[in-house]
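First comes the structure, then the notes that go with it.
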Amino acid sequence: MPRMLDVSDDVRAEIGDEEADRLLAGESAPGSYDCTSCRTPGDCEQERTSTVLFIGEETAVLAFAHAGCLPSQVVKVTEEQLQGAVRSINADQARPQPDQAPHRPEQAAPEKVAPEQAVLGVT
């Protein structure tokens, strides 16, 4: 089944055509994800999904959102926000606690947030 994934021109420009094509072909996109906006589960094989690329000075994090929650976009955030998100993700993945709800640190907001702009948070 084809992925219902939206990769905006801005995201494509940042990640490159080759990676964008791999995402659209389903080679590097997740089947299911937690929406970076509403934090509820999503599935890019079953519903329209947006790619959201958070960019710091040295680090970038590609996230996914329901297309109804956010459009595909590039969001500039501080390097500290990205590093904190990566540390939280890695700590959650290393913690074997399948019976407990995932740790949800407080949302880190960029200084300027336009309407419908994604905000970096970790699920």
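As shown in the structure tokens, the chain order sets the letters A, B, ...; within each chain, residues go from 1, and ligands are also counted from 1 in the order they appear.
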
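Using only C-alpha atoms, the residues found no farther than 9 Å from Ala29 (chain A), other than those of its own chain fewer than 3 positions away, are Arg3, Leu5, Arg22, Leu23, Leu24, Ala25, Gly26, Ser32 and Cys44 of chain A.
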
Restrict the selected residues to all heavy atoms and save them as a PDB file, in the first residue's frame.
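What ended up in part_7.pdb:
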```pdb
ATOM      1  N   ARG A   3       2.391   4.954   0.670  1.00  0.00           N
ATOM      2  CA  ARG A   3       2.410   5.873   1.808  1.00  0.00           C
ATOM      3  C   ARG A   3       1.645   7.138   1.422  1.00  0.00           C
ATOM      4  O   ARG A   3       1.731   7.610   0.304  1.00  0.00           O
ATOM      5  CB  ARG A   3       3.837   6.257   2.171  1.00  0.00           C
ATOM      6  CG  ARG A   3       4.750   5.085   2.384  1.00  0.00           C
ATOM      7  CD  ARG A   3       4.729   4.679   3.806  1.00  0.00           C
ATOM      8  NE  ARG A   3       5.624   3.542   3.942  1.00  0.00           N
ATOM      9  CZ  ARG A   3       5.618   2.741   4.958  1.00  0.00           C
ATOM     10  NH1 ARG A   3       4.785   2.931   5.931  1.00  0.00           N
ATOM     11  NH2 ARG A   3       6.439   1.733   5.034  1.00  0.00           N
ATOM     12  N   LEU A   5       2.161  10.275   2.288  1.00  0.00           N
ATOM     13  CA  LEU A   5       3.117  11.178   2.908  1.00  0.00           C
ATOM     14  C   LEU A   5       3.290  12.436   2.071  1.00  0.00           C
ATOM     15  O   LEU A   5       3.418  12.371   0.853  1.00  0.00           O
ATOM     16  CB  LEU A   5       4.450  10.442   3.035  1.00  0.00           C
ATOM     17  CG  LEU A   5       5.469  10.953   4.005  1.00  0.00           C
ATOM     18  CD1 LEU A   5       4.926  10.969   5.422  1.00  0.00           C
ATOM     19  CD2 LEU A   5       6.711  10.072   3.953  1.00  0.00           C
ATOM     20  N   ARG A  22      13.091   8.372  -1.016  1.00  0.00           N
ATOM     21  CA  ARG A  22      13.064   7.178  -0.145  1.00  0.00           C
ATOM     22  C   ARG A  22      11.884   7.245   0.819  1.00  0.00           C
ATOM     23  O   ARG A  22      11.223   6.242   1.079  1.00  0.00           O
ATOM     24  CB  ARG A  22      14.370   7.046   0.627  1.00  0.00           C
ATOM     25  CG  ARG A  22      15.484   6.370  -0.147  1.00  0.00           C
ATOM     26  CD  ARG A  22      16.592   5.855   0.758  1.00  0.00           C
ATOM     27  NE  ARG A  22      17.262   6.908   1.501  1.00  0.00           N
ATOM     28  CZ  ARG A  22      18.341   7.557   1.088  1.00  0.00           C
ATOM     29  NH1 ARG A  22      18.875   7.266  -0.073  1.00  0.00           N
ATOM     30  NH2 ARG A  22      18.884   8.487   1.833  1.00  0.00           N
ATOM     31  N   LEU A  23      11.630   8.421   1.374  1.00  0.00           N
ATOM     32  CA  LEU A  23      10.479   8.599   2.272  1.00  0.00           C
ATOM     33  C   LEU A  23       9.179   8.288   1.538  1.00  0.00           C
ATOM     34  O   LEU A  23       8.330   7.540   2.028  1.00  0.00           O
ATOM     35  CB  LEU A  23      10.421  10.030   2.802  1.00  0.00           C
ATOM     36  CG  LEU A  23      11.336  10.376   3.957  1.00  0.00           C
ATOM     37  CD1 LEU A  23      11.372  11.882   4.153  1.00  0.00           C
ATOM     38  CD2 LEU A  23      10.877   9.693   5.230  1.00  0.00           C
ATOM     39  N   LEU A  24       9.023   8.872   0.356  1.00  0.00           N
ATOM     40  CA  LEU A  24       7.788   8.690  -0.404  1.00  0.00           C
ATOM     41  C   LEU A  24       7.601   7.244  -0.859  1.00  0.00           C
ATOM     42  O   LEU A  24       6.466   6.769  -0.970  1.00  0.00           O
ATOM     43  CB  LEU A  24       7.758   9.639  -1.605  1.00  0.00           C
ATOM     44  CG  LEU A  24       7.649  11.121  -1.229  1.00  0.00           C
ATOM     45  CD1 LEU A  24       7.897  12.003  -2.443  1.00  0.00           C
ATOM     46  CD2 LEU A  24       6.294  11.411  -0.606  1.00  0.00           C
ATOM     47  N   ALA A  25       8.696   6.545  -1.079  1.00  0.00           N
ATOM     48  CA  ALA A  25       8.622   5.134  -1.477  1.00  0.00           C
ATOM     49  C   ALA A  25       8.398   4.216  -0.278  1.00  0.00           C
ATOM     50  O   ALA A  25       8.141   3.031  -0.431  1.00  0.00           O
ATOM     51  CB  ALA A  25       9.901   4.729  -2.201  1.00  0.00           C
ATOM     52  N   GLY A  26       8.506   4.775   0.931  1.00  0.00           N
ATOM     53  CA  GLY A  26       8.288   3.982   2.129  1.00  0.00           C
ATOM     54  C   GLY A  26       9.536   3.302   2.656  1.00  0.00           C
ATOM     55  O   GLY A  26       9.468   2.545   3.621  1.00  0.00           O
ATOM     56  N   SER A  32       3.868   3.661  11.456  1.00  0.00           N
ATOM     57  CA  SER A  32       3.108   4.397  12.466  1.00  0.00           C
ATOM     58  C   SER A  32       4.039   5.390  13.155  1.00  0.00           C
ATOM     59  O   SER A  32       5.249   5.242  13.141  1.00  0.00           O
ATOM     60  CB  SER A  32       2.504   3.433  13.484  1.00  0.00           C
ATOM     61  OG  SER A  32       3.516   2.712  14.132  1.00  0.00           O
ATOM     62  N   CYS A  44       1.033   6.444   8.336  1.00  0.00           N
ATOM     63  CA  CYS A  44       1.142   7.054   7.011  1.00  0.00           C
ATOM     64  C   CYS A  44       0.683   6.123   5.891  1.00  0.00           C
ATOM     65  O   CYS A  44       0.647   6.531   4.742  1.00  0.00           O
ATOM     66  CB  CYS A  44       2.532   7.626   6.759  1.00  0.00           C
ATOM     67  SG  CYS A  44       3.880   6.488   6.850  1.00  0.00           S
TER      68      CYS A  44
END
```

Which residues, written as a list in words, have at least one atom at most 9 Å from Thr49 (chain A), with only C-alpha atoms counted and residues fewer than 3 positions away on the same chain left out?
Arg3, Met4, Leu5, Asp6, Val7, Cys35, Gly42, Asp43, Cys44, Glu45, Gln46, Phe64, Ala65, His66, Ala67, Gly68, Leu70, Pro71 and Ser72 of chain A

Which of region 19-91 of chain A DSSP labels strand (DSSP E), written as an NGL selection string:
:A and (32-34 or 41-43 or 49-55 or 60-66 or 73-76)
